[in-house]
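Student: The structure file coords-v4.cif (mmCIF, C-alpha atoms) is provided below.
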```cif
data_data
loop_
_atom_site.label_atom_id
_atom_site.label_comp_id
_atom_site.auth_asym_id
_atom_site.auth_seq_id
_atom_site.Cartn_x
_atom_site.Cartn_y
_atom_site.Cartn_z
CA MET A 1 -34.06 33.99 120.91
CA THR A 2 -30.47 32.74 120.99
CA ASN A 3 -30.70 31.85 124.69
CA TYR A 4 -33.95 29.89 124.34
CA SER A 5 -34.62 26.25 123.41
CA ASP A 6 -37.77 24.23 123.09
CA ILE A 7 -35.88 21.26 124.52
CA CYS A 8 -32.65 21.31 126.48
CA ILE A 9 -30.61 18.15 127.16
CA VAL A 10 -27.86 18.38 129.76
CA GLY A 11 -25.22 15.71 129.20
CA ALA A 12 -23.66 14.58 125.90
CA GLY A 13 -22.81 11.01 126.77
CA ILE A 14 -24.48 8.11 125.01
CA GLY A 15 -27.69 8.82 126.97
CA GLY A 16 -27.95 12.47 125.97
CA LEU A 17 -27.03 11.73 122.35
CA THR A 18 -29.68 9.00 122.21
CA CYS A 19 -32.30 11.45 123.49
CA ALA A 20 -31.30 14.00 120.86
CA THR A 21 -31.34 11.60 117.90
CA GLN A 22 -34.64 10.03 118.91
CA LEU A 23 -36.30 13.41 119.32
CA ILE A 24 -35.33 14.65 115.87
CA ASN A 25 -36.52 11.40 114.30
CA ALA A 26 -39.98 11.64 115.90
CA ALA A 27 -42.78 13.67 114.33
CA ALA A 28 -43.55 15.44 117.62
CA GLY A 29 -39.94 16.55 117.93
CA LYS A 30 -39.52 18.05 114.47
CA ASN A 31 -39.21 21.81 113.99
CA LEU A 32 -38.27 22.26 117.62
CA ARG A 33 -35.10 23.97 118.74
CA ILE A 34 -33.04 21.37 120.64
CA ARG A 35 -29.76 22.09 122.41
CA VAL A 36 -27.37 19.69 124.12
CA PHE A 37 -25.03 21.04 126.80
CA ASP A 38 -21.99 19.31 128.26
CA LEU A 39 -19.12 20.37 130.51
CA ASN A 40 -16.47 18.53 128.46
CA THR A 41 -14.70 19.62 125.28
CA SER A 42 -16.22 16.74 123.30
CA VAL A 43 -19.15 14.37 123.52
CA GLY A 44 -18.81 10.96 125.13
CA GLY A 45 -19.18 11.13 128.89
CA ARG A 46 -17.71 7.92 130.30
CA ILE A 47 -16.86 6.70 126.80
CA GLN A 48 -13.36 7.78 125.77
CA SER A 49 -11.29 6.18 123.01
CA ARG A 50 -7.57 6.80 122.47
CA GLU A 51 -5.54 5.81 119.45
CA ILE A 52 -2.42 3.78 120.18
CA ASP A 53 -1.43 3.37 116.53
CA GLU A 54 -3.15 3.22 113.16
CA GLU A 55 -4.58 -0.21 113.93
CA GLU A 56 -5.30 -0.15 117.66
CA ILE A 57 -7.72 1.83 119.82
CA ALA A 58 -7.62 1.79 123.63
CA GLU A 59 -10.80 2.43 125.58
CA LEU A 60 -10.27 4.52 128.70
CA GLY A 61 -13.93 4.06 129.62
CA ALA A 62 -16.56 1.63 128.34
CA ALA A 63 -14.81 -1.23 126.57
CA ARG A 64 -17.08 -4.21 125.84
CA TYR A 65 -20.61 -5.43 125.35
CA SER A 66 -22.45 -8.74 125.16
CA PRO A 67 -25.11 -9.40 122.51
CA GLN A 68 -26.92 -11.62 125.02
CA LEU A 69 -26.86 -9.15 127.91
CA HIS A 70 -27.01 -5.92 125.90
CA PRO A 71 -29.46 -6.39 122.98
CA ASN A 72 -30.23 -2.65 122.63
CA PHE A 73 -26.58 -1.75 122.30
CA GLN A 74 -26.02 -4.69 119.97
CA GLN A 75 -28.77 -3.30 117.71
CA LEU A 76 -27.24 0.18 117.83
CA MET A 77 -23.88 -1.20 116.74
CA GLN A 78 -25.50 -3.10 113.87
CA GLU A 79 -27.38 0.00 112.72
CA SER A 80 -24.21 2.09 112.87
CA GLY A 81 -22.39 -0.15 110.41
CA LEU A 82 -19.22 0.18 112.49
CA ALA A 83 -16.85 -2.76 112.67
CA HIS A 84 -16.71 -4.95 115.72
CA ALA A 85 -14.65 -7.95 116.80
CA THR A 86 -14.71 -10.66 119.41
CA TYR A 87 -13.61 -9.32 122.78
CA PRO A 88 -10.63 -11.52 123.68
CA PHE A 89 -10.61 -11.34 127.45
CA THR A 90 -13.00 -14.09 128.48
CA GLU A 91 -10.20 -16.49 129.47
CA ALA A 92 -8.83 -15.62 132.89
CA VAL A 93 -5.47 -16.92 134.08
CA PHE A 94 -5.13 -17.64 137.80
CA ARG A 95 -2.17 -18.66 139.89
CA GLU A 96 -2.07 -22.30 140.95
CA ARG A 97 -5.60 -23.76 141.37
CA GLU A 98 -7.39 -20.48 142.22
CA GLN A 99 -9.79 -20.79 139.30
CA GLU A 100 -11.08 -24.19 140.36
CA LYS A 101 -11.40 -23.12 143.99
CA LEU A 102 -13.25 -19.94 143.03
CA LYS A 103 -15.67 -21.73 140.74
CA ASP A 104 -16.38 -24.52 143.23
CA THR A 105 -16.98 -22.01 146.03
CA LEU A 106 -19.33 -19.76 144.06
CA LEU A 107 -21.35 -22.67 142.74
CA SER A 108 -21.65 -24.39 146.12
CA LEU A 109 -22.73 -21.22 147.95
CA SER A 110 -25.14 -19.97 145.29
CA PRO A 111 -28.20 -21.87 146.65
CA MET A 112 -27.80 -20.17 150.04
CA VAL A 113 -27.89 -16.56 148.76
CA LYS A 114 -31.65 -16.19 149.35
CA GLU A 115 -31.14 -17.13 152.99
CA HIS A 116 -28.95 -14.02 153.47
CA PRO A 117 -30.84 -11.15 151.79
CA ASP A 118 -29.28 -8.40 153.92
CA ASP A 119 -25.76 -9.77 154.43
CA SER A 120 -22.82 -8.27 152.64
CA PHE A 121 -21.08 -10.64 150.25
CA LEU A 122 -18.08 -10.73 152.58
CA ASP A 123 -20.23 -11.66 155.58
CA PHE A 124 -22.11 -14.20 153.48
CA VAL A 125 -18.97 -16.03 152.36
CA SER A 126 -17.35 -15.64 155.80
CA ASN A 127 -20.33 -17.37 157.37
CA TYR A 128 -19.42 -20.55 155.49
CA LEU A 129 -15.65 -20.30 154.96
CA GLY A 130 -14.35 -17.99 157.66
CA VAL A 131 -13.12 -14.41 157.26
CA GLU A 132 -9.61 -15.16 156.00
CA GLU A 133 -10.69 -17.61 153.30
CA ALA A 134 -13.62 -15.36 152.32
CA ASN A 135 -11.26 -12.43 151.71
CA ARG A 136 -8.95 -14.61 149.64
CA ILE A 137 -11.76 -16.01 147.50
CA ILE A 138 -13.39 -12.64 146.89
CA LYS A 139 -10.10 -10.96 145.97
CA ALA A 140 -9.54 -13.72 143.40
CA THR A 141 -12.51 -12.37 141.40
CA GLY A 142 -10.51 -9.22 140.64
CA TYR A 143 -13.25 -6.86 141.89
CA ASP A 144 -12.56 -4.98 145.12
CA ALA A 145 -16.16 -3.76 145.14
CA LEU A 146 -17.26 -7.23 146.19
CA LEU A 147 -15.60 -6.62 149.58
CA LEU A 148 -17.63 -3.49 150.34
CA PRO A 149 -20.32 -3.59 153.05
CA ILE A 150 -22.90 -2.13 150.63
CA VAL A 151 -22.53 -5.06 148.22
CA THR A 152 -24.92 -7.82 149.23
CA ALA A 153 -24.52 -11.46 148.25
CA ALA A 154 -27.22 -11.07 145.58
CA MET A 155 -25.50 -7.97 144.15
CA ALA A 156 -22.16 -9.78 144.09
CA TYR A 157 -23.48 -12.77 142.16
CA ASP A 158 -25.12 -10.38 139.70
CA ILE A 159 -21.80 -8.58 139.16
CA ILE A 160 -19.90 -11.85 138.74
CA LYS A 161 -22.25 -13.21 136.07
CA LYS A 162 -22.28 -9.95 134.09
CA HIS A 163 -18.54 -9.66 133.49
CA PRO A 164 -16.56 -11.67 130.92
CA GLU A 165 -13.67 -12.44 133.27
CA THR A 166 -15.91 -14.16 135.83
CA GLN A 167 -19.01 -15.27 133.91
CA ASN A 168 -17.55 -18.78 133.50
CA PHE A 169 -18.34 -19.38 137.17
CA THR A 170 -22.06 -18.86 136.53
CA GLU A 171 -24.90 -19.82 134.21
CA ASN A 172 -23.74 -17.07 131.81
CA ALA A 173 -20.63 -18.98 130.74
CA ALA A 174 -21.73 -19.12 127.09
CA ASN A 175 -22.30 -15.38 126.66
CA GLN A 176 -20.38 -13.75 123.82
CA TRP A 177 -18.50 -10.45 124.14
CA ARG A 178 -17.52 -7.88 121.52
CA TYR A 179 -15.81 -4.54 121.14
CA ALA A 180 -15.76 -1.74 118.55
CA THR A 181 -12.51 -1.99 116.60
CA ASP A 182 -12.65 1.69 115.62
CA GLY A 183 -13.47 2.78 119.17
CA TYR A 184 -16.77 3.72 120.75
CA SER A 185 -15.95 7.39 120.31
CA GLU A 186 -16.56 6.84 116.60
CA LEU A 187 -20.06 5.57 117.43
CA LEU A 188 -20.78 8.66 119.53
CA GLY A 189 -19.39 10.91 116.81
CA GLN A 190 -21.82 9.28 114.41
CA LEU A 191 -24.72 9.97 116.79
CA GLN A 192 -23.61 13.58 117.20
CA ARG A 193 -23.44 14.12 113.44
CA GLN A 194 -26.87 12.56 113.03
CA ALA A 195 -28.27 14.93 115.65
CA GLN A 196 -26.58 17.96 114.09
CA SER A 197 -27.94 17.09 110.65
CA GLY A 198 -31.41 17.24 112.21
CA GLY A 199 -30.75 20.71 113.60
CA VAL A 200 -29.61 19.90 117.15
CA GLU A 201 -27.11 22.43 118.48
CA PHE A 202 -24.27 21.41 120.80
CA GLN A 203 -22.88 23.73 123.45
CA LEU A 204 -19.73 22.14 124.91
CA GLU A 205 -17.57 23.35 127.80
CA HIS A 206 -20.71 24.52 129.59
CA ARG A 207 -20.86 23.55 133.26
CA LEU A 208 -24.39 23.65 134.67
CA LEU A 209 -24.55 25.71 137.85
CA SER A 210 -28.25 25.87 138.68
CA VAL A 211 -31.78 25.13 137.45
CA LYS A 212 -34.87 27.17 138.36
CA LYS A 213 -38.49 26.87 137.29
CA THR A 214 -40.00 30.19 136.23
CA GLY A 215 -43.56 30.01 134.98
CA ALA A 216 -43.70 27.56 132.10
CA GLU A 217 -39.91 27.67 131.54
CA TYR A 218 -36.73 26.39 133.13
CA VAL A 219 -33.90 28.86 133.65
CA LEU A 220 -30.46 27.25 133.48
CA SER A 221 -27.28 28.98 134.55
CA PHE A 222 -24.00 27.80 132.99
CA SER A 223 -20.33 28.60 133.48
CA HIS A 224 -18.52 28.93 130.14
CA MET A 225 -14.94 30.14 129.69
CA GLY A 226 -15.11 32.28 132.81
CA ASP A 227 -18.52 33.76 132.05
CA THR A 228 -21.93 32.92 133.52
CA LEU A 229 -24.57 32.37 130.86
CA VAL A 230 -28.33 32.04 131.29
CA HIS A 231 -30.43 29.79 129.07
CA ARG A 232 -34.19 29.25 129.00
CA THR A 233 -35.96 26.13 127.85
CA ARG A 234 -39.49 24.78 127.65
CA HIS A 235 -38.60 21.12 128.35
CA LEU A 236 -35.59 19.72 130.17
CA ILE A 237 -33.88 16.31 130.21
CA MET A 238 -31.00 15.74 132.61
CA ALA A 239 -28.85 13.00 131.04
CA ILE A 240 -26.21 12.98 133.77
CA PRO A 241 -25.41 10.48 136.56
CA PRO A 242 -26.59 10.71 140.19
CA SER A 243 -23.26 12.13 141.43
CA ALA A 244 -23.67 15.10 139.06
CA MET A 245 -27.36 15.48 139.93
CA ALA A 246 -26.49 15.68 143.63
CA GLY A 247 -24.23 18.68 143.00
CA LEU A 248 -27.09 20.83 141.67
CA ASP A 249 -29.86 22.75 143.44
CA LEU A 250 -32.46 20.10 142.59
CA ASP A 251 -32.76 18.37 145.99
CA PHE A 252 -31.54 15.08 144.58
CA PRO A 253 -32.48 12.38 145.38
CA ALA A 254 -35.05 13.36 148.05
CA THR A 255 -37.48 15.13 145.70
CA TRP A 256 -36.93 12.64 142.90
CA SER A 257 -36.83 9.14 144.29
CA PRO A 258 -37.26 7.03 147.45
CA PHE A 259 -34.02 5.24 146.59
CA LYS A 260 -30.41 6.00 147.46
CA TYR A 261 -27.43 6.02 145.09
CA ASP A 262 -23.71 5.42 145.33
CA SER A 263 -20.70 5.13 143.03
CA LEU A 264 -17.36 3.35 142.74
CA PRO A 265 -14.08 4.77 141.42
CA LEU A 266 -12.35 3.02 138.52
CA PHE A 267 -8.78 3.18 137.27
CA LYS A 268 -7.22 1.97 134.03
CA GLY A 269 -3.48 2.01 133.44
CA PHE A 270 -2.11 1.33 129.93
CA LEU A 271 1.49 0.34 129.12
CA THR A 272 3.22 -0.20 125.78
CA PHE A 273 6.60 -1.85 125.15
CA ASP A 274 9.11 -2.02 122.31
CA LYS A 275 8.65 -5.79 122.14
CA SER A 276 5.57 -7.90 122.86
CA TRP A 277 7.44 -10.00 125.42
CA PHE A 278 4.22 -11.30 126.99
CA GLN A 279 3.55 -13.42 123.91
CA GLY A 280 6.34 -15.72 125.06
CA LEU A 281 4.59 -16.15 128.41
CA GLY A 282 1.39 -17.42 126.81
CA LEU A 283 -0.59 -14.39 127.97
CA THR A 284 -1.60 -12.88 124.63
CA ASP A 285 -5.30 -11.89 124.63
CA LYS A 286 -5.77 -13.18 128.17
CA VAL A 287 -6.46 -11.55 131.52
CA LEU A 288 -4.26 -12.40 134.48
CA MET A 289 -5.96 -12.15 137.88
CA ALA A 290 -3.51 -10.61 140.37
CA ASN A 291 -3.67 -10.71 144.16
CA ASN A 292 -2.25 -7.19 144.44
CA PRO A 293 -3.47 -3.68 143.48
CA LEU A 294 -3.21 -4.45 139.74
CA ARG A 295 -6.15 -6.88 140.17
CA LYS A 296 -6.88 -7.61 136.48
CA ILE A 297 -4.12 -7.38 133.85
CA TYR A 298 -5.14 -7.63 130.17
CA PHE A 299 -2.58 -8.43 127.46
CA LYS A 300 -3.93 -7.11 124.14
CA SER A 301 -2.39 -8.97 121.16
CA ASP A 302 1.11 -7.55 120.69
CA LYS A 303 0.04 -3.94 121.31
CA TYR A 304 -0.24 -3.15 125.02
CA LEU A 305 -1.24 -4.31 128.46
CA VAL A 306 -3.79 -2.61 130.70
CA PHE A 307 -4.66 -3.13 134.32
CA TYR A 308 -8.20 -2.37 135.39
CA THR A 309 -9.16 -1.80 139.03
CA ASP A 310 -12.03 -0.49 141.11
CA SER A 311 -12.76 0.79 144.62
CA LYS A 312 -9.79 0.45 147.00
CA SER A 313 -7.27 -0.43 144.29
CA ALA A 314 -8.45 2.44 142.06
CA THR A 315 -7.86 4.83 144.96
CA TYR A 316 -4.42 3.29 145.53
CA TRP A 317 -3.38 4.16 141.97
CA ARG A 318 -4.85 7.65 142.16
CA ASP A 319 -2.88 8.26 145.38
CA SER A 320 0.26 6.87 143.71
CA LEU A 321 -0.05 9.40 140.91
CA GLU A 322 -0.49 12.22 143.39
CA GLN A 323 2.99 11.34 144.67
CA GLY A 324 4.38 11.67 141.15
CA GLU A 325 4.59 9.59 138.00
CA GLU A 326 7.93 8.09 139.06
CA VAL A 327 6.31 6.65 142.18
CA TYR A 328 3.36 5.41 140.12
CA LEU A 329 5.54 3.69 137.50
CA GLU A 330 7.82 2.11 140.11
CA ARG A 331 4.79 0.62 141.84
CA VAL A 332 3.39 -0.63 138.54
CA ARG A 333 6.68 -2.34 137.72
CA SER A 334 7.02 -3.83 141.19
CA HIS A 335 3.49 -5.25 141.24
CA LEU A 336 3.84 -6.64 137.72
CA GLU A 337 7.07 -8.42 138.65
CA GLU A 338 5.26 -9.94 141.67
CA VAL A 339 2.69 -11.76 139.55
CA LEU A 340 4.34 -12.37 136.17
CA PRO A 341 6.36 -15.54 135.48
CA LEU A 342 9.55 -13.63 134.64
CA ASN A 343 11.93 -16.18 136.22
CA GLY A 344 13.67 -13.50 138.22
CA GLN A 345 14.23 -11.22 135.23
CA PRO A 346 13.23 -7.53 135.46
CA LEU A 347 10.20 -6.26 133.59
CA PRO A 348 11.19 -5.02 130.10
CA PRO A 349 11.40 -1.21 129.80
CA ILE A 350 8.08 0.60 129.46
CA LYS A 351 7.88 2.52 126.20
CA THR A 352 4.81 4.69 126.82
CA HIS A 353 2.03 4.79 129.35
CA PHE A 354 -1.25 6.56 129.96
CA TYR A 355 -4.09 6.15 132.41
CA LYS A 356 -7.55 7.28 133.41
CA HIS A 357 -9.04 7.62 136.89
CA TRP A 358 -12.83 7.83 137.08
CA PRO A 359 -13.94 9.16 140.51
CA HIS A 360 -17.48 7.95 139.77
CA GLY A 361 -16.80 5.22 137.23
CA VAL A 362 -19.84 3.10 138.11
CA GLU A 363 -23.02 4.54 139.62
CA PHE A 364 -25.95 2.52 140.91
CA TYR A 365 -28.94 2.44 143.23
CA LEU A 366 -28.51 0.67 146.55
CA GLU A 367 -31.69 -1.42 146.55
CA PRO A 368 -30.86 -4.08 143.90
CA GLU A 369 -34.03 -6.09 144.54
CA ALA A 370 -36.32 -3.06 144.08
CA GLU A 371 -38.28 -2.35 140.91
CA HIS A 372 -36.52 0.89 140.08
CA PRO A 373 -37.99 3.19 137.39
CA PRO A 374 -35.60 3.65 134.44
CA VAL A 375 -36.13 7.42 134.58
CA LEU A 376 -36.79 9.83 137.43
CA LEU A 377 -39.29 12.71 137.35
CA HIS A 378 -39.14 15.92 139.34
CA PRO A 379 -42.43 17.49 140.51
CA ASP A 380 -41.59 20.44 138.26
CA GLY A 381 -41.55 18.15 135.22
CA ILE A 382 -37.79 17.69 134.74
CA ILE A 383 -36.85 14.26 133.36
CA SER A 384 -33.65 12.55 134.51
CA CYS A 385 -32.09 9.55 132.76
CA SER A 386 -29.00 7.49 133.63
CA ASP A 387 -27.72 3.94 133.41
CA ALA A 388 -27.60 4.10 137.22
CA TYR A 389 -31.41 3.82 137.33
CA THR A 390 -31.39 0.47 135.53
CA GLN A 391 -30.25 -3.07 136.25
CA HIS A 392 -27.56 -2.42 133.63
CA CYS A 393 -25.82 0.21 135.76
CA GLY A 394 -22.27 0.76 134.54
CA TRP A 395 -23.08 -0.46 131.01
CA MET A 396 -23.99 1.40 127.82
CA GLU A 397 -27.10 -0.78 127.64
CA GLY A 398 -28.47 0.91 130.74
CA SER A 399 -27.92 4.36 129.23
CA LEU A 400 -29.88 3.39 126.11
CA ILE A 401 -32.78 1.94 128.09
CA SER A 402 -33.06 4.99 130.32
CA ALA A 403 -32.60 7.54 127.52
CA ARG A 404 -35.21 5.91 125.30
CA GLN A 405 -37.73 5.92 128.14
CA ALA A 406 -36.96 9.58 128.86
CA THR A 407 -37.51 10.45 125.21
CA HIS A 408 -40.77 8.47 125.15
CA LEU A 409 -42.11 10.46 128.12
CA LEU A 410 -41.19 13.79 126.56
CA LEU A 411 -42.69 12.87 123.19
CA GLU A 412 -45.92 11.90 124.95
CA ARG A 413 -46.04 15.36 126.51
CA LEU A 414 -45.39 17.05 123.19
CA SER A 415 -48.09 14.99 121.43
CA GLU A 416 -50.65 15.68 124.13
CA ALA A 417 -49.86 19.38 124.05
CA ALA A 418 -50.29 19.44 120.27
CA GLU A 419 -53.68 17.70 120.51
CA GLU A 420 -54.98 19.95 123.29
CA PRO A 421 -54.03 23.57 122.64
CA GLY A 422 -53.68 25.55 125.80
CA THR A 423 -52.68 22.63 128.01
CA ASP A 424 -48.94 22.82 127.41
CA ASP A 425 -48.29 24.81 130.62
CA LYS A 426 -50.13 22.23 132.66
CA LEU A 427 -48.28 19.33 131.03
CA ALA A 428 -44.90 20.91 131.60
CA THR A 429 -45.42 21.02 135.36
CA SER A 430 -46.86 17.53 135.62
CA SER A 431 -44.85 14.58 136.89
CA ASN A 432 -47.17 12.13 135.15
#
```
Would you mind writing the structure in this file as structure tokens?

Tutor:
Amino acid sequence: MTNYSDICIVGAGIGGLTCATQLINAAAGKNLRIRVFDLNTSVGGRIQSREIDEEEIAELGAARYSPQLHPNFQQLMQESGLAHATYPFTEAVFREREQEKLKDTLLSLSPMVKEHPDDSFLDFVSNYLGVEEANRIIKATGYDALLLPIVTAAMAYDIIKKHPETQNFTENAANQWRYATDGYSELLGQLQRQAQSGGVEFQLEHRLLSVKKTGAEYVLSFSHMGDTLVHRTRHLIMAIPPSAMAGLDLDFPATWSPFKYDSLPLFKGFLTFDKSWFQGLGLTDKVLMANNPLRKIYFKSDKYLVFYTDSKSATYWRDSLEQGEEVYLERVRSHLEEVLPLNGQPLPPIKTHFYKHWPHGVEFYLEPEAEHPPVLLHPDGIISCSDAYTQHCGWMEGSLISARQATHLLLERLSEAAEEPGTDDKLATSSN
């Protein structure tokens, strides 16, 4: 039956691709019809690489990984044989003595975090330094999210120590960082080809509309090129983030989990120039922390600069674009001239530019101290995996951890069904 699969995976990001490749490599998954659906025109999810020239790739989404923090992704990169290089942006440049002040403040307040388990990071720092100084210190980290009421002091310190620009203020100062020189899209293309060689079929540009359980099968309705298509499957893995889960008729998260979920927008703006003028300013391969909506400005060799923002600043740039690209570019130029040591000279002309706004760039669960399961199970037997269910939310490492656990659960079901003929219907509806 062309509209039937033994296993259906919704989502072709790194999580969905990991599920597909692991299933075809397992004995219990062989000779089964596996399909992967995704709403985009290509695989990748929040991983998108764009070629700047023959030698340089820009990452509009995921950009870096640490062998110390992300051992599963490190292993995947090694197995892929793809080239990697040292990620250059671990040296942050601050104005005046901001770096010393920030480091001293974070280190001195760290012992008191446990005394404020429910306070937001802003309230926590304000308690010791006052509101005005707390805002200034937190903005110096470059992450607007740290000002949000939902971000506790414990969450904030976890964020600070897990990012290369700010890890030097924590015990993680020695962590290494790397990036894929050929782009992470090449890694995902390799995973897709591996899955296809094992018989996995990919159905792209398919937007999932609804999921229903009918007997021992799931009935999925998709929108594709103006048509509504129905697909049936015996087993179902949802490899999509919480924000996408919430838009379906699956009563998410109430029927799935006692936890709540949220997300933060991200924005990346890339600029290229005819001349690498920033080399003369000593900014090559460094990140400049800016106390304006640019927040973090990265100067990549002699190729380009990119500013990377979240939360309030990300929304600011989205709103700027809605007023037109001329407004957006004028604001970019103005904010760059505010923070760069140009000695009164105008910013050199911008040659090309591109950008990416992610409405749900980082997704996470709101109870950071809870022991959260890496996958969620629906009473009807549907398996859901996402980096948002792990402590590595927002990182490719979290997607691998969650996807591998999802695959493990499904393979257990398949093995048990093979050993006990006649019990497959019962296993499919179990939330074991």

Student: Step by step: start from the point (-31.1, 17.7, 123.8) in the file's coordinates, keep every protein, DNA or RNA residue that has an atom no farther than 12 Å from it, count all atoms listed in the file, and write the set as a PyMOL selection string.

Tutor: chain A and resi 5-24+29+32-38+192+195-196+198-203+233-239+383+403+406-407+410

Student: Show me as a ChimeraX atom specification the residues that reach within 10 Å of (3.7, 2.0, 140.1), counting only C-alpha atoms and using the file's own coordinates.

Tutor: /A:269,293-294,316-317,320-321,324-336

Student: Keeping only C-alpha atoms, write the selected residues as a tab-separated table (two decimals), in the coordinates of the input.

Tutor:
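Output contents, as saved in selection_2.tsv:
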```tsv
chain	number	residue	atom	x	y	z
A	269	GLY	CA	-3.48	2.01	133.44
A	293	PRO	CA	-3.47	-3.68	143.48
A	294	LEU	CA	-3.21	-4.45	139.74
A	316	TYR	CA	-4.42	3.29	145.53
A	317	TRP	CA	-3.38	4.16	141.97
A	320	SER	CA	0.26	6.87	143.71
A	321	LEU	CA	-0.05	9.40	140.91
A	324	GLY	CA	4.38	11.67	141.15
A	325	GLU	CA	4.59	9.59	138.00
A	326	GLU	CA	7.93	8.09	139.06
A	327	VAL	CA	6.31	6.65	142.18
A	328	TYR	CA	3.36	5.41	140.12
A	329	LEU	CA	5.54	3.69	137.50
A	330	GLU	CA	7.82	2.11	140.11
A	331	ARG	CA	4.79	0.62	141.84
A	332	VAL	CA	3.39	-0.63	138.54
A	333	ARG	CA	6.68	-2.34	137.72
A	334	SER	CA	7.02	-3.83	141.19
A	335	HIS	CA	3.49	-5.25	141.24
A	336	LEU	CA	3.84	-6.64	137.72
```

Student: If you measure from CA of Ser311 (chain A) to CA of Phe299 (chain A), what distance in Å do you get, rounded to one decimal?

Tutor: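 CA of Phe299 (chain A) lies 22.0 Å from CA of Ser311 (chain A).
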
Student: May I have the residues within 9 Å of Val113 (chain A) as a PyMOL selection string, using all atoms listed in the file and disregarding those fewer than 2 positions away in the same chain?

Tutor: chain A and resi 109-111+115-117+124+153-154+157

Student: Could you list, with a cut-off of 7 Å and counting all atoms listed in the file, the residues of region 336-402 of chain A near region 71-77 of chain A, each shown with its nearest atom pair and the distance in Å rounded to one decimal, rows sorted by chain and ascending number, as CSV?

Tutor:
```
residue,atom,partner,partner_atom,distance
A:Met396,CA,A:Phe73,CA,6.9
A:Glu397,CA,A:Phe73,CA,5.5
A:Leu400,CA,A:Asn72,CA,7.0
```

Student: When you draw a straight line from CA of Gly130 (chain A) to CA of Lys161 (chain A), how long is it in Å?

Tutor: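 That distance, rounded to one decimal, is 23.5 Å.
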
Student: Find, counting only C-alpha atoms, the residue in A:Tyr179, A:Glu186, A:Ser257, A:Thr170 that gets nearest to Ser80 (chain A).

Tutor: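 For Ser80 (chain A), the nearest of the given residues is A:Glu186.
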
Student: Find the residues around Thr105 (chain A) up to 12 Å (all atoms listed in the file counted), leave out those fewer than 4 positions away in its own chain, and share them as a ChimeraX atom specification.

Tutor: /A:98-101,109-112,124-126,128-129,133-134,136-138,140-141,157,169-170

Student: Next, write the just-selected residues to a file, as a PDB file, in the coordinates of the input, keeping C-alpha atoms as the atom set.

Tutor:
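The resulting result.pdb:
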```
ATOM      1  CA  GLU A  98      -7.390 -20.480 142.220  1.00  0.00           C
ATOM      2  CA  GLN A  99      -9.790 -20.790 139.300  1.00  0.00           C
ATOM      3  CA  GLU A 100     -11.080 -24.190 140.360  1.00  0.00           C
ATOM      4  CA  LYS A 101     -11.400 -23.120 143.990  1.00  0.00           C
ATOM      5  CA  LEU A 109     -22.730 -21.220 147.950  1.00  0.00           C
ATOM      6  CA  SER A 110     -25.140 -19.970 145.290  1.00  0.00           C
ATOM      7  CA  PRO A 111     -28.200 -21.870 146.650  1.00  0.00           C
ATOM      8  CA  MET A 112     -27.800 -20.170 150.040  1.00  0.00           C
ATOM      9  CA  PHE A 124     -22.110 -14.200 153.480  1.00  0.00           C
ATOM     10  CA  VAL A 125     -18.970 -16.030 152.360  1.00  0.00           C
ATOM     11  CA  SER A 126     -17.350 -15.640 155.800  1.00  0.00           C
ATOM     12  CA  TYR A 128     -19.420 -20.550 155.490  1.00  0.00           C
ATOM     13  CA  LEU A 129     -15.650 -20.300 154.960  1.00  0.00           C
ATOM     14  CA  GLU A 133     -10.690 -17.610 153.300  1.00  0.00           C
ATOM     15  CA  ALA A 134     -13.620 -15.360 152.320  1.00  0.00           C
ATOM     16  CA  ARG A 136      -8.950 -14.610 149.640  1.00  0.00           C
ATOM     17  CA  ILE A 137     -11.760 -16.010 147.500  1.00  0.00           C
ATOM     18  CA  ILE A 138     -13.390 -12.640 146.890  1.00  0.00           C
ATOM     19  CA  ALA A 140      -9.540 -13.720 143.400  1.00  0.00           C
ATOM     20  CA  THR A 141     -12.510 -12.370 141.400  1.00  0.00           C
ATOM     21  CA  TYR A 157     -23.480 -12.770 142.160  1.00  0.00           C
ATOM     22  CA  PHE A 169     -18.340 -19.380 137.170  1.00  0.00           C
ATOM     23  CA  THR A 170     -22.060 -18.860 136.530  1.00  0.00           C
TER      24      THR A 170
END
```

Student: Which residues are near Thr352 (chain A)? Cut-off 12 Å, only C-alpha atoms, ignore same chain within fewer than 3 positions. Put them as an MDAnalysis selection string.

Tutor: chainID A and resid 52 269:274 303:306 329 349 355

Student: Next, the residues of the selection above should be written as a short mmCIF file (atom, residue, chain, number, x, y, z; two decimals), in the frame of the given file with C-alpha atoms.

Tutor:
```cif
data_model
loop_
_atom_site.label_atom_id
_atom_site.label_comp_id
_atom_site.auth_asym_id
_atom_site.auth_seq_id
_atom_site.Cartn_x
_atom_site.Cartn_y
_atom_site.Cartn_z
CA ILE A 52 -2.42 3.78 120.18
CA GLY A 269 -3.48 2.01 133.44
CA PHE A 270 -2.11 1.33 129.93
CA LEU A 271 1.49 0.34 129.12
CA THR A 272 3.22 -0.20 125.78
CA PHE A 273 6.60 -1.85 125.15
CA ASP A 274 9.11 -2.02 122.31
CA LYS A 303 0.04 -3.94 121.31
CA TYR A 304 -0.24 -3.15 125.02
CA LEU A 305 -1.24 -4.31 128.46
CA VAL A 306 -3.79 -2.61 130.70
CA LEU A 329 5.54 3.69 137.50
CA PRO A 349 11.40 -1.21 129.80
CA TYR A 355 -4.09 6.15 132.41
#
```

Student: Of the candidates A:Ser301, A:Thr86, A:Ser66, A:Thr315, which shows the shortest atom-to-atom distance to Trp395 (chain A), using all atoms listed in the file?

Tutor: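 Counting all atoms listed in the file, the residue closest to Trp395 (chain A) is A:Ser66.
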